[in-house]
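Raw target-v8.cif, mmCIF, C-alpha atoms:
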data_target
#
loop_
_atom_site.group_PDB
_atom_site.id
_atom_site.type_symbol
_atom_site.label_atom_id
_atom_site.label_comp_id
_atom_site.auth_asym_id
_atom_site.auth_seq_id
_atom_site.Cartn_x
_atom_site.Cartn_y
_atom_site.Cartn_z
ATOM 1 C CA MET A 1 22.558 -124.772 -14.263
ATOM 2 C CA LYS A 2 24.416 -121.611 -15.188
ATOM 3 C CA ALA A 3 26.509 -121.927 -12.035
ATOM 4 C CA PHE A 4 27.299 -125.530 -12.966
ATOM 5 C CA LEU A 5 28.398 -124.561 -16.478
ATOM 6 C CA ASP A 6 30.448 -121.693 -15.069
ATOM 7 C CA MET A 7 32.450 -124.089 -12.825
ATOM 8 C CA GLY A 8 33.241 -121.326 -10.359
ATOM 9 C CA GLY A 9 35.057 -119.350 -13.036
ATOM 10 C CA TYR A 10 37.148 -122.336 -14.201
ATOM 11 C CA ALA A 11 34.861 -123.247 -17.118
ATOM 12 C CA ALA A 12 37.563 -122.405 -19.688
ATOM 13 C CA TYR A 13 39.827 -125.086 -18.151
ATOM 14 C CA VAL A 14 37.405 -127.711 -16.833
ATOM 15 C CA TRP A 15 35.230 -128.217 -19.919
ATOM 16 C CA PRO A 16 38.047 -128.455 -22.470
ATOM 17 C CA SER A 17 39.717 -131.054 -20.204
ATOM 18 C CA TYR A 18 36.582 -133.184 -20.225
ATOM 19 C CA ALA A 19 36.119 -132.631 -23.969
ATOM 20 C CA VAL A 20 39.679 -133.738 -24.772
ATOM 21 C CA THR A 21 39.458 -136.851 -22.587
ATOM 22 C CA LEU A 22 36.072 -137.917 -23.940
ATOM 23 C CA ALA A 23 37.300 -137.277 -27.489
ATOM 24 C CA VAL A 24 40.312 -139.522 -26.866
ATOM 25 C CA MET A 25 37.987 -142.237 -25.567
ATOM 26 C CA ALA A 26 35.658 -141.937 -28.562
ATOM 27 C CA LEU A 27 38.589 -141.996 -30.998
ATOM 28 C CA ASN A 28 39.941 -145.130 -29.343
ATOM 29 C CA ILE A 29 36.609 -146.886 -29.849
ATOM 30 C CA VAL A 30 36.548 -145.861 -33.520
ATOM 31 C CA TRP A 31 40.200 -146.875 -34.103
ATOM 32 C CA ALA A 32 39.860 -150.270 -32.414
ATOM 33 C CA ARG A 33 36.700 -151.161 -34.325
ATOM 34 C CA ARG A 34 38.194 -149.969 -37.593
ATOM 35 C CA LEU A 35 41.300 -152.113 -37.034
ATOM 36 C CA LEU A 36 39.227 -155.239 -36.395
ATOM 37 C CA LYS A 37 36.976 -154.552 -39.371
ATOM 38 C CA ARG A 38 39.926 -153.986 -41.696
ATOM 39 C CA SER A 39 41.714 -157.129 -40.481
ATOM 40 C CA ARG A 40 38.567 -159.185 -41.025
ATOM 41 C CA LYS A 41 38.166 -157.837 -44.539
ATOM 42 C CA GLU A 42 41.818 -158.466 -45.394
ATOM 43 C CA ALA A 43 41.717 -161.973 -43.955
ATOM 44 C CA LEU A 44 38.618 -162.833 -45.979
ATOM 45 C CA HIS A 45 40.247 -161.388 -49.080
ATOM 46 C CA LYS A 46 43.406 -163.452 -48.542
ATOM 47 C CA ILE A 47 41.374 -166.584 -48.081
ATOM 48 C CA ALA A 48 39.399 -165.823 -51.225
ATOM 49 C CA ILE A 49 42.425 -165.270 -53.509
ATOM 50 C CA GLY A 50 45.265 -167.461 -52.299
ATOM 51 C CA GLY A 51 43.564 -169.243 -49.487
ATOM 52 C CA LYS A 52 42.731 -172.490 -51.220
ATOM 53 C CA GLU A 53 46.352 -173.333 -51.711
ATOM 54 C CA ALA A 54 47.445 -172.067 -48.315
ATOM 55 C CA ILE A 55 44.607 -173.699 -46.428
ATOM 56 C CA GLY A 56 45.108 -176.945 -48.324
ATOM 57 C CA ARG A 57 48.720 -176.898 -47.270
ATOM 58 C CA THR A 58 48.009 -176.291 -43.610
ATOM 59 C CA GLU A 59 45.440 -179.074 -43.565
ATOM 60 C CA GLU A 60 47.855 -181.418 -45.238
ATOM 61 C CA THR A 61 50.594 -180.535 -42.782
ATOM 62 C CA ARG A 62 48.253 -181.061 -39.902
ATOM 63 C CA ARG A 63 47.152 -184.426 -41.226
ATOM 64 C CA ALA A 64 50.765 -185.438 -41.708
ATOM 65 C CA GLU A 65 51.514 -184.398 -38.155
ATOM 66 C CA THR A 66 48.582 -186.343 -36.749
ATOM 67 C CA ILE A 67 49.606 -189.430 -38.660
ATOM 68 C CA GLY A 68 53.200 -189.013 -37.540
ATOM 69 C CA GLY A 69 52.043 -188.578 -33.956
ATOM 70 C CA ALA A 70 49.875 -191.691 -34.128
ATOM 71 C CA GLU A 71 52.740 -193.795 -35.359
ATOM 72 C CA GLN A 72 55.017 -192.893 -32.490
ATOM 73 C CA MET B 1 49.581 -179.289 -15.097
ATOM 74 C CA ALA B 2 47.850 -175.979 -14.621
ATOM 75 C CA TRP B 3 50.031 -174.557 -17.370
ATOM 76 C CA THR B 4 47.418 -175.336 -20.009
ATOM 77 C CA TRP B 5 45.905 -171.874 -19.616
ATOM 78 C CA PHE B 6 49.255 -170.407 -20.625
ATOM 79 C CA HIS B 7 49.454 -172.589 -23.706
ATOM 80 C CA ARG B 8 45.885 -171.773 -24.644
ATOM 81 C CA LEU B 9 46.730 -168.082 -24.337
ATOM 82 C CA ALA B 10 49.308 -168.671 -27.043
ATOM 83 C CA SER B 11 46.737 -170.165 -29.391
ATOM 84 C CA PRO B 12 45.389 -167.507 -31.791
ATOM 85 C CA PRO B 13 41.978 -169.155 -32.461
ATOM 86 C CA HIS B 14 41.392 -169.496 -28.734
ATOM 87 C CA VAL B 15 42.400 -165.885 -28.088
ATOM 88 C CA TYR B 16 40.270 -164.613 -30.974
ATOM 89 C CA ARG B 17 37.199 -166.432 -29.704
ATOM 90 C CA VAL B 18 37.608 -165.707 -25.994
ATOM 91 C CA ALA B 19 38.487 -162.041 -26.588
ATOM 92 C CA GLY B 20 35.338 -161.615 -28.651
ATOM 93 C CA ARG B 21 33.188 -163.154 -25.957
ATOM 94 C CA LEU B 22 34.859 -161.194 -23.154
ATOM 95 C CA THR B 23 34.667 -157.714 -24.720
ATOM 96 C CA PRO B 24 31.092 -156.761 -23.668
ATOM 97 C CA TRP B 25 31.778 -157.967 -20.125
ATOM 98 C CA LEU B 26 34.468 -155.309 -19.823
ATOM 99 C CA ALA B 27 32.934 -152.609 -22.032
ATOM 100 C CA TRP B 28 29.558 -152.330 -20.302
ATOM 101 C CA PRO B 29 30.827 -152.146 -16.714
ATOM 102 C CA ALA B 30 33.385 -149.606 -17.981
ATOM 103 C CA ALA B 31 30.605 -147.462 -19.461
ATOM 104 C CA VAL B 32 28.530 -147.640 -16.265
ATOM 105 C CA LEU B 33 31.497 -146.804 -14.015
ATOM 106 C CA ILE B 34 32.619 -143.893 -16.187
ATOM 107 C CA VAL B 35 29.130 -142.354 -16.405
ATOM 108 C CA ALA B 36 28.691 -142.745 -12.625
ATOM 109 C CA GLY B 37 32.168 -141.344 -12.025
ATOM 110 C CA LEU B 38 31.478 -138.346 -14.271
ATOM 111 C CA ILE B 39 28.246 -137.542 -12.416
ATOM 112 C CA GLY B 40 29.973 -138.059 -9.078
ATOM 113 C CA GLY B 41 32.970 -135.960 -10.037
ATOM 114 C CA LEU B 42 31.201 -133.128 -11.814
ATOM 115 C CA VAL B 43 28.013 -132.835 -9.756
ATOM 116 C CA LEU B 44 28.051 -134.694 -6.442
ATOM 117 C CA ALA B 45 31.589 -134.123 -5.184
ATOM 118 C CA PRO B 46 32.003 -130.934 -3.128
ATOM 119 C CA PRO B 47 34.277 -128.138 -4.389
ATOM 120 C CA ASP B 48 37.853 -128.133 -3.113
ATOM 121 C CA TYR B 49 38.620 -125.712 -0.294
ATOM 122 C CA GLN B 50 41.630 -124.313 -2.171
ATOM 123 C CA GLN B 51 40.947 -124.861 -5.862
ATOM 124 C CA GLY B 52 37.159 -124.472 -5.841
ATOM 125 C CA GLU B 53 35.505 -126.095 -8.861
ATOM 126 C CA GLY B 54 38.742 -126.088 -10.825
ATOM 127 C CA TYR B 55 39.992 -129.265 -9.158
ATOM 128 C CA ARG B 56 37.307 -131.282 -11.026
ATOM 129 C CA ILE B 57 39.846 -131.690 -13.824
ATOM 130 C CA LEU B 58 41.229 -134.362 -11.495
ATOM 131 C CA TYR B 59 38.478 -136.778 -12.568
ATOM 132 C CA VAL B 60 39.723 -136.902 -16.152
ATOM 133 C CA HIS B 61 43.396 -136.049 -15.575
ATOM 134 C CA ALA B 62 44.257 -138.731 -12.999
ATOM 135 C CA PRO B 63 42.561 -141.611 -14.909
ATOM 136 C CA SER B 64 44.274 -140.523 -18.155
ATOM 137 C CA ALA B 65 47.658 -140.389 -16.430
ATOM 138 C CA TRP B 66 46.964 -143.762 -14.787
ATOM 139 C CA MET B 67 46.167 -145.190 -18.236
ATOM 140 C CA SER B 68 49.382 -143.820 -19.708
ATOM 141 C CA LEU B 69 51.395 -145.812 -17.139
ATOM 142 C CA LEU B 70 49.212 -148.930 -16.965
ATOM 143 C CA VAL B 71 49.157 -149.312 -20.747
ATOM 144 C CA TYR B 72 52.918 -148.843 -21.017
ATOM 145 C CA THR B 73 53.580 -151.426 -18.321
ATOM 146 C CA THR B 74 51.203 -153.870 -20.018
ATOM 147 C CA MET B 75 52.949 -153.226 -23.326
ATOM 148 C CA ALA B 76 56.412 -153.843 -21.864
ATOM 149 C CA VAL B 77 55.350 -157.040 -20.069
ATOM 150 C CA ALA B 78 53.647 -158.366 -23.213
ATOM 151 C CA ALA B 79 56.705 -157.462 -25.301
ATOM 152 C CA GLY B 80 58.914 -159.321 -22.801
ATOM 153 C CA VAL B 81 56.712 -162.417 -22.897
ATOM 154 C CA GLY B 82 56.748 -162.235 -26.693
ATOM 155 C CA LEU B 83 60.525 -162.006 -26.799
ATOM 156 C CA ILE B 84 61.215 -164.745 -24.258
ATOM 157 C CA TRP B 85 58.627 -167.333 -25.275
ATOM 158 C CA ARG B 86 58.363 -166.233 -28.922
ATOM 159 C CA MET B 87 54.640 -165.927 -28.455
ATOM 160 C CA LYS B 88 52.896 -164.233 -31.368
ATOM 161 C CA VAL B 89 49.817 -163.368 -29.330
ATOM 162 C CA ALA B 90 51.962 -161.521 -26.780
ATOM 163 C CA HIS B 91 53.486 -159.404 -29.542
ATOM 164 C CA ALA B 92 49.952 -158.726 -30.800
ATOM 165 C CA VAL B 93 49.036 -157.484 -27.312
ATOM 166 C CA ALA B 94 52.099 -155.216 -27.152
ATOM 167 C CA ALA B 95 51.387 -153.756 -30.591
ATOM 168 C CA SER B 96 47.756 -153.153 -29.590
ATOM 169 C CA CYS B 97 48.739 -151.197 -26.495
ATOM 170 C CA ALA B 98 50.775 -148.455 -28.164
ATOM 171 C CA PRO B 99 48.088 -146.297 -29.828
ATOM 172 C CA ILE B 100 45.846 -146.567 -26.757
ATOM 173 C CA GLY B 101 48.652 -145.525 -24.427
ATOM 174 C CA ALA B 102 49.866 -142.730 -26.666
ATOM 175 C CA SER B 103 46.410 -141.175 -26.939
ATOM 176 C CA PHE B 104 45.819 -141.262 -23.191
ATOM 177 C CA THR B 105 49.264 -139.788 -22.583
ATOM 178 C CA VAL B 106 48.196 -136.884 -24.802
ATOM 179 C CA ALA B 107 45.008 -136.593 -22.743
ATOM 180 C CA ALA B 108 47.019 -136.601 -19.500
ATOM 181 C CA LEU B 109 49.380 -133.908 -20.798
ATOM 182 C CA VAL B 110 46.611 -131.673 -22.182
ATOM 183 C CA THR B 111 44.363 -131.937 -19.121
ATOM 184 C CA GLY B 112 47.369 -131.414 -16.858
ATOM 185 C CA SER B 113 48.293 -128.339 -18.802
ATOM 186 C CA LEU B 114 44.715 -127.037 -18.568
ATOM 187 C CA TRP B 115 44.846 -127.635 -14.827
ATOM 188 C CA GLY B 116 48.238 -126.034 -14.439
ATOM 189 C CA ALA B 117 47.245 -122.826 -16.208
ATOM 190 C CA PRO B 118 44.863 -121.473 -13.531
ATOM 191 C CA MET B 119 46.553 -123.148 -10.527
ATOM 192 C CA TRP B 120 50.262 -122.706 -11.278
ATOM 193 C CA GLY B 121 49.939 -119.813 -13.678
ATOM 194 C CA THR B 122 51.545 -121.726 -16.544
ATOM 195 C CA TYR B 123 50.507 -124.292 -19.135
ATOM 196 C CA TRP B 124 53.919 -125.894 -19.212
ATOM 197 C CA GLN B 125 56.998 -126.111 -17.063
ATOM 198 C CA TRP B 126 60.085 -128.315 -17.550
ATOM 199 C CA ASP B 127 59.302 -129.999 -14.302
ATOM 200 C CA PRO B 128 60.358 -133.646 -13.541
ATOM 201 C CA ARG B 129 56.796 -135.008 -13.609
ATOM 202 C CA LEU B 130 55.781 -133.157 -16.757
ATOM 203 C CA THR B 131 59.024 -133.861 -18.576
ATOM 204 C CA SER B 132 59.029 -137.600 -17.772
ATOM 205 C CA GLU B 133 55.408 -137.848 -18.927
ATOM 206 C CA LEU B 134 56.351 -136.136 -22.184
ATOM 207 C CA ILE B 135 59.187 -138.656 -22.601
ATOM 208 C CA LEU B 136 56.573 -141.394 -22.165
ATOM 209 C CA LEU B 137 54.675 -139.962 -25.123
ATOM 210 C CA PHE B 138 57.869 -140.020 -27.200
ATOM 211 C CA LEU B 139 58.469 -143.644 -26.162
ATOM 212 C CA TYR B 140 55.012 -144.603 -27.418
ATOM 213 C CA LEU B 141 55.509 -142.672 -30.650
ATOM 214 C CA GLY B 142 58.995 -144.127 -31.095
ATOM 215 C CA TYR B 143 57.618 -147.626 -30.564
ATOM 216 C CA MET B 144 54.922 -147.106 -33.189
ATOM 217 C CA GLY B 145 57.343 -145.488 -35.616
ATOM 218 C CA LEU B 146 59.831 -148.301 -35.189
ATOM 219 C CA ARG B 147 57.160 -150.930 -35.834
ATOM 220 C CA SER B 148 55.998 -149.269 -39.004
ATOM 221 C CA ALA B 149 59.605 -149.044 -40.272
ATOM 222 C CA PHE B 150 59.732 -152.844 -40.790
ATOM 223 C CA ASP B 151 57.896 -154.734 -43.492
ATOM 224 C CA ASP B 152 58.657 -157.994 -41.776
ATOM 225 C CA LEU B 153 56.204 -158.274 -38.898
ATOM 226 C CA GLN B 154 58.369 -160.656 -36.885
ATOM 227 C CA ARG B 155 61.336 -158.315 -36.990
ATOM 228 C CA ALA B 156 59.083 -155.378 -36.133
ATOM 229 C CA ASP B 157 57.800 -157.368 -33.144
ATOM 230 C CA ARG B 158 61.255 -158.209 -31.861
ATOM 231 C CA VAL B 159 62.952 -154.853 -32.364
ATOM 232 C CA SER B 160 60.055 -152.816 -30.983
ATOM 233 C CA ALA B 161 59.823 -155.176 -27.997
ATOM 234 C CA VAL B 162 63.364 -154.224 -27.000
ATOM 235 C CA LEU B 163 62.451 -150.524 -27.083
ATOM 236 C CA ALA B 164 59.294 -151.171 -25.035
ATOM 237 C CA ILE B 165 61.262 -153.069 -22.393
ATOM 238 C CA VAL B 166 64.093 -150.528 -22.150
ATOM 239 C CA GLY B 167 61.581 -147.671 -21.913
ATOM 240 C CA VAL B 168 59.814 -149.191 -18.932
ATOM 241 C CA VAL B 169 62.427 -147.624 -16.614
ATOM 242 C CA ASN B 170 60.575 -144.385 -17.242
ATOM 243 C CA VAL B 171 57.417 -145.683 -15.515
ATOM 244 C CA PRO B 172 58.740 -145.637 -11.913
ATOM 245 C CA ILE B 173 60.546 -142.382 -12.712
ATOM 246 C CA ILE B 174 57.209 -140.768 -13.597
ATOM 247 C CA HIS B 175 55.489 -142.199 -10.558
ATOM 248 C CA TYR B 176 58.149 -141.176 -8.037
ATOM 249 C CA SER B 177 59.171 -137.934 -9.750
ATOM 250 C CA VAL B 178 57.013 -135.908 -7.364
ATOM 251 C CA VAL B 179 58.652 -137.596 -4.393
ATOM 252 C CA TRP B 180 62.282 -137.642 -5.541
ATOM 253 C CA TRP B 181 62.489 -134.116 -6.903
ATOM 254 C CA ASN B 182 61.024 -130.792 -6.073
ATOM 255 C CA SER B 183 58.050 -130.731 -8.385
ATOM 256 C CA LEU B 184 55.287 -128.264 -9.077
ATOM 257 C CA HIS B 185 53.025 -131.266 -9.347
ATOM 258 C CA GLN B 186 51.235 -132.302 -6.192
ATOM 259 C CA ALA B 187 52.091 -135.601 -4.487
ATOM 260 C CA PRO B 188 49.786 -138.574 -5.069
ATOM 261 C CA SER B 189 46.584 -138.248 -3.079
ATOM 262 C CA LEU B 190 45.178 -141.705 -3.780
ATOM 263 C CA MET B 191 47.954 -144.028 -4.944
ATOM 264 C CA ARG B 192 49.836 -143.994 -1.682
ATOM 265 C CA LEU B 193 50.111 -145.883 1.563
ATOM 266 C CA GLY B 194 47.487 -145.170 4.158
ATOM 267 C CA LYS B 195 44.233 -143.331 3.741
ATOM 268 C CA PRO B 196 43.574 -141.031 0.780
ATOM 269 C CA ASP B 197 43.662 -137.394 1.836
ATOM 270 C CA MET B 198 40.233 -136.480 0.569
ATOM 271 C CA PRO B 199 36.665 -137.194 1.715
ATOM 272 C CA ALA B 200 34.760 -140.202 0.343
ATOM 273 C CA SER B 201 32.480 -137.965 -1.739
ATOM 274 C CA MET B 202 35.586 -136.873 -3.644
ATOM 275 C CA PHE B 203 37.563 -140.095 -3.916
ATOM 276 C CA VAL B 204 34.733 -142.545 -4.667
ATOM 277 C CA PRO B 205 34.051 -140.902 -8.065
ATOM 278 C CA LEU B 206 37.807 -140.915 -8.695
ATOM 279 C CA LEU B 207 37.995 -144.641 -7.905
ATOM 280 C CA MET B 208 35.065 -145.223 -10.273
ATOM 281 C CA MET B 209 36.822 -143.328 -13.050
ATOM 282 C CA LEU B 210 40.079 -145.227 -12.463
ATOM 283 C CA ALA B 211 38.274 -148.589 -12.491
ATOM 284 C CA GLY B 212 36.165 -147.555 -15.479
ATOM 285 C CA PHE B 213 39.184 -146.453 -17.502
ATOM 286 C CA THR B 214 41.006 -149.682 -16.637
ATOM 287 C CA LEU B 215 38.086 -151.807 -17.849
ATOM 288 C CA PHE B 216 37.801 -149.589 -20.922
ATOM 289 C CA PHE B 217 41.460 -150.301 -21.676
ATOM 290 C CA GLY B 218 40.736 -154.017 -21.312
ATOM 291 C CA ALA B 219 37.857 -153.825 -23.783
ATOM 292 C CA LEU B 220 39.868 -151.779 -26.305
ATOM 293 C CA LEU B 221 42.770 -154.181 -25.982
ATOM 294 C CA LEU B 222 40.552 -157.209 -26.646
ATOM 295 C CA VAL B 223 39.119 -155.656 -29.828
ATOM 296 C CA ARG B 224 42.562 -154.601 -31.063
ATOM 297 C CA VAL B 225 44.189 -157.938 -30.232
ATOM 298 C CA ARG B 226 41.534 -159.740 -32.295
ATOM 299 C CA GLY B 227 42.410 -157.527 -35.240
ATOM 300 C CA GLU B 228 46.158 -158.002 -34.751
ATOM 301 C CA VAL B 229 45.796 -161.775 -34.389
ATOM 302 C CA LEU B 230 43.756 -161.947 -37.594
ATOM 303 C CA SER B 231 46.282 -159.959 -39.573
ATOM 304 C CA ARG B 232 49.094 -162.253 -38.383
ATOM 305 C CA GLU B 233 47.342 -165.530 -39.199
ATOM 306 C CA ARG B 234 45.943 -164.867 -42.615
ATOM 307 C CA ALA B 235 46.148 -168.284 -44.148
ATOM 308 C CA ALA B 236 45.110 -170.320 -41.150
ATOM 309 C CA THR B 237 42.106 -172.582 -41.438
ATOM 310 C CA TRP B 238 40.547 -171.383 -38.234
ATOM 311 C CA ILE B 239 40.041 -167.927 -39.703
ATOM 312 C CA ARG B 240 37.595 -169.318 -42.227
ATOM 313 C CA GLU B 241 35.641 -170.919 -39.427
ATOM 314 C CA ALA B 242 35.855 -167.859 -37.164
ATOM 315 C CA LEU B 243 34.729 -165.461 -39.890
ATOM 316 C CA ARG B 244 31.934 -167.599 -41.213
ATOM 317 C CA PRO B 245 28.816 -165.430 -41.077
#
What do you get writing this file as structure tokens?
Amino acid sequence: MKAFLDMGGYAAYVWPSYAVTLAVMALNIVWARRLLKRSRKEALHKIAIGGKEAIGRTEETRRAETIGGAEQ
Amino acid sequence: MAWTWFHRLASPPHVYRVAGRLTPWLAWPAAVLIVAGLIGGLVLAPPDYQQGEGYRILYVHAPSAWMSLLVYTTMAVAAGVGLIWRMKVAHAVAASCAPIGASFTVAALVTGSLWGAPMWGTYWQWDPRLTSELILLFLYLGYMGLRSAFDDLQRADRVSAVLAIVGVVNVPIIHYSVVWWNSLHQAPSLMRLGKPDMPASMFVPLLMMLAGFTLFFGALLLVRVRGEVLSRERAATWIREALRP
């Protein structure tokens, strides 16, 4: 075990390399999840405050488009 | 025609849903491959006849460097698709790539430097490979800085896409730098024509790490793209349905 940790005298270079890479991977997981969580929260908030109007409009537009399409 | 898949790729609700379902299918194999690769690289692979145990940095350095190039190429292609077909989802993919690529470029530079110190006797050298990789980091940072300089998301998408596409010339320069110029950096031992110049016990763990990192990138990208798509489509009806608990 001690020989493994010593890495043939290269411990001071090998272990920090692994630590940095694994830290970058862990940070990426945290960042990605945080981004999705924040976007979800913001989207819900938008829907809650101004959404009624906006959603009403999109539904109306869509209905108008469907009707227009059916007439053609 | 078979083009429907392309059109569906452009549909945010479809992308949001499919990306969510696909994420664990990339994340879990990535985790398994990386753990296996770490055990293989740190424990099972024999020491190198020249560099002893020090060469084991390879198993984190090469996958990080691979990521730095793969992510940039993905970003540039997505930016190009976004520019040409005005596809919002493609811009969301490009924007999602940048922080991932930048962080792995840092990992590649730091691990390379930690490898160079005992083997070359220096942490840094203005060598073609090292310098072009550093430029790659600046391209990522420039791309992110440029995006954040615009309030208007559509303008940010378009302007940053141009930078991403122009910067892609650096990718082949990095890859071939060790061939074209006299470099301290060793030539590729795996990404080359013919057989790899190391025994299977050494290169199988490396292949596992490369595959694991690639899948990990896929999983990260899917999570990020879902977030980006949501923040671009705030008022759309589908969001209410997608976010219903």
* To do: Could you please give me, as a VMD selection string, the residues of protein, DNA or RNA lying at most 6 Å from (33.0, -149.4, -13.5) in the coordinate frame of the file, considering all atoms listed in the file?
  => chain B and resid 29 to 30 32 to 33 208 211 to 212
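Considering all atoms listed in the file, the residue among B:Pro47, B:Gly227, B:Pro172, B:Gly82 positioned nearest to chain A is B:Gly227.
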* To do: For the file shown, report as a ChimeraX atom specification the outcome of the PyMOL selection byres ((chain A) within 7 of (chain B)) at residue level.
  => /A:7-8,10,13-14,17-18,20-21,24,28-29,32-33,35-36,39-40,43,46-47,51,54-55
* Could you tell me which residues the PyMOL selection byres ((chain B and resi 77) around 10) returns for this structure, as an NGL selection string? => :B and (71-76 or 78-83 or 90-91 or 93-94 or 161 or 164-165 or 168)
* Measure the distance from CA of Leu136 in chain B to CA of Ser183 in chain B in Å and round it to one decimal. =>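 That distance, rounded to one decimal, is 17.5 Å.
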* Contacts of His175 in chain B within 10 Å, all atoms listed in the file, excl. fewer than 2 positions in-chain, as an MDAnalysis selection string -> chainID B and resid 65:66 69 129 132:133 170:173 177:180 187:188 191
* Work out how far apart CA of Leu153 in chain B and CA of Thr4 in chain B are and give it in Å to one decimal. =>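 CA of Thr4 in chain B lies at a distance of 26.9 Å from CA of Leu153 in chain B.
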* What would the list of residues within 9 Å of (50.2, -167.6, -29.5) (file frame) look like as a PyMOL selection string, if only C-alpha atoms are what count? -> chain B and resi 7-13+15+82+86-92+229
* d(CA of Arg147 in chain B, CA of Val159 in chain B) in Å -> 7.8 Å
* Asked: Using all atoms listed in the file, which of the listed residues (B:Trp126, B:Gly37, B:Ala102, B:His185) sits closest to Leu139 in chain B?
  ->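 Of the candidates, the smallest distance to Leu139 in chain B is held by B:Ala102.
With distances taken over all atoms listed in the file, B:Gly167 is the one residue among B:Pro199, B:Gly167, B:Gly218, B:Gly20 lying closest to Phe138 in chain B.
Checking B:Leu44, B:Ile174, B:Met144, B:Met202 one by one against Phe4 in chain A, counting all atoms listed in the file, you find the shortest gap at B:Leu44.
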Go ahead and fit an axis-aligned box to every listed atom of range 54-72 of chain B plus 3 Å each side, and pass me the centre and edge lengths in Å, one decimal, as AutoDock Vina command-line options.
--center_x 45.1 --center_y -137.7 --center_z -15.1 --size_x 21.6 --size_y 29.2 --size_z 17.9
